[in-house]
Amino acid sequence: KQVSLAVVGATGMVGRTILKVLEERKLPIEKIYFFSSKRSAGTKITFNGEEYIVEELTEESFDRGIDIALFSAGGSISEKYAPIAASKGCVVVDNSSFWRMDPEVPLVVPEVNPGEISRHKGIIANPNCSTIQAVVALKPLEDKYRIKRIVYSTYQAVSGAGMAGYKDLEEGLKGKAPEKFPHPIAGNCLPHIDVFLPDGYTKEEKKMIDETKKILGRDDLKVTATTVRVPVFNSHSESINVEFEKPFDLEELKEVLKNAPGVIVEDDVSNNIYPLPINASGKDEVFVGRIRRDDSVESGINFWVVADNIRKGAATNTVQIAEELIKMWNEQSGE
Ligand code: A2P
Ligand code: 11C
């Protein structure tokens, strides 16, 4: 099937990368439309060698038989416009956090829970970038050793905060005061991503905790997190401590990770080889290293997980969901 596709937030950090990924992965696109706010409407975008004009998003934008809309324009836009698009028969793949925890909305990472896609009612949610890379690495371990508890500590790049976050580091390195972040990010670490909640956690930490349980289908899982913004332009790093129900052999566990879909193991400390954000940037895989036993518990490991937060953490995962959706439609129609 050739699809008619829309990108909402096409001028943003994630939106622009979605265009690149759509071109690279050669989706069967018949027609494509690009939307932004009034500010960028009129901007020219080149896609597959052709020039397109970005349109302002309005309530009428989806009145033209669009099959799939990839949304990446923030929570309030998704809150308002995703149901409008869905009511017109369009399937929304939403990058914002707004619909993720709605029980009616599948929250999908194609390597982990692709089967969830089929129960969509017009909206499919793309998880938070820091959750996506974690669950890609955790899923094969969950299947083999069953997870008891997870402790996340993250080192997140400024690109996660969009164009404005990126600019704060770029300009901050030249001595300019920050505009997006509450403190300078150049030469600093901010234990503060998204807003603070009444219990003292940040919303980013809460997202990681709740989304991990939903994606792994484990309400009972014990998960905790500390999320930190670091002066890195792109790609999130995470130190993950996991405790398992079952015992494991470390070499076998490394093999399980090496064979997992979407995972590349980079773990040769004798040669200083471990995942690095500058190497992960521009790639679609999740890089895993520093895999070692945690001797403080019966059965547990510490490891280091790095991925391009704009690609696998957002754009690539969104496009992969669209691919799965098209595959499902083709199977249903016997094509
Ligand atoms: P615009 O370029 O018009 O501001 P980022 O987080 O990287 O800055 O990207 C945000 C994306 O969401 C941009 O494409 C931005 O468009 C888009 N956006 C922001 N507000 C709206 C809105 N009210 N309607 C549609 N798109 C919006
Ligand atoms: C960050 N993880 O790095 C955030 C960005 O819920 O989609 C993504 C926010 C989200 O700042």
# chains A, B, ... in the order shown; residues from 1 in each chain; ligands from 1

$ residues_near_ligand --ligand "ligand 1" --cutoff "10 Å" --atoms "only C-alpha atoms and all ligand atoms" --output "ChimeraX atom specification"
/A:7-16,34-43,54-58,71-78,81,159-166,310

$ residues_around --residues "stretch 265-278 of chain A" --least-positions-apart "5" --cutoff "8 Å" --atoms "only C-alpha atoms" --output "compact mmCIF listing (two decimals) with C-alpha atoms, in the first residue's frame"
# COMPACT_ATOMS: atom_id res chain seq x y z
CA VAL A 232 26.51 16.74 25.59
CA ASN A 234 23.34 14.59 21.28
CA SER A 235 22.72 10.99 22.46
CA HIS A 236 21.57 10.00 25.92
CA SER A 237 23.68 7.75 28.18
CA LYS A 254 26.34 -10.90 27.12
CA LEU A 257 22.40 -8.93 24.49
CA LYS A 258 24.56 -9.49 21.40
CA PHE A 287 24.74 0.57 22.23
CA VAL A 288 25.46 -1.47 25.37
CA GLY A 289 28.68 -1.92 27.33
CA ARG A 290 30.38 -2.01 30.76
CA ILE A 291 28.33 -5.14 31.46
CA TRP A 304 25.87 1.39 30.31
CA VAL A 305 23.38 2.10 27.52
CA VAL A 306 23.78 4.84 24.89
CA ALA A 307 21.57 5.80 21.93
CA ASP A 308 20.81 8.74 19.67

$ residues_near_ligand --ligand "ligand 2" --cutoff "7 Å" --atoms "only C-alpha atoms and all ligand atoms" --output "ChimeraX atom specification"
/A:95-97,127-130,156-161,193-194,204

$ residues_around --residues "A:Val151" --least-positions-apart "4" --cutoff "6 Å" --atoms "only C-alpha atoms" --output "PyMOL selection string"
chain A and resi 223-225+240-241

$ select_by_dssp --residues "stretch 122-294 of chain A" --states "strand (DSSP E)" --output "number ranges by chain"
A: 123-125, 147-156, 222-229, 236-244, 263-265, 286-293

$ residues_around --residues "A:Pro114" --least-positions-apart "6" --cutoff "12 Å" --atoms "only C-alpha atoms" --output "list in words"
Pro106, Leu107, Val108, His120, Ile124, Asn126, Ile215, Leu216, Asn317, Gln320, Ile321, Ala322, Glu323, Glu324, Leu325, Lys327 and Met328 of chain A

$ atom_distance --atom1 "atom CA of A:Asn302" --atom2 "atom CA of A:Phe248"
13.4 Å

$ atom_distance --atom1 "atom CA of A:Leu19" --atom2 "atom CA of A:Asn309"
15.7 Å
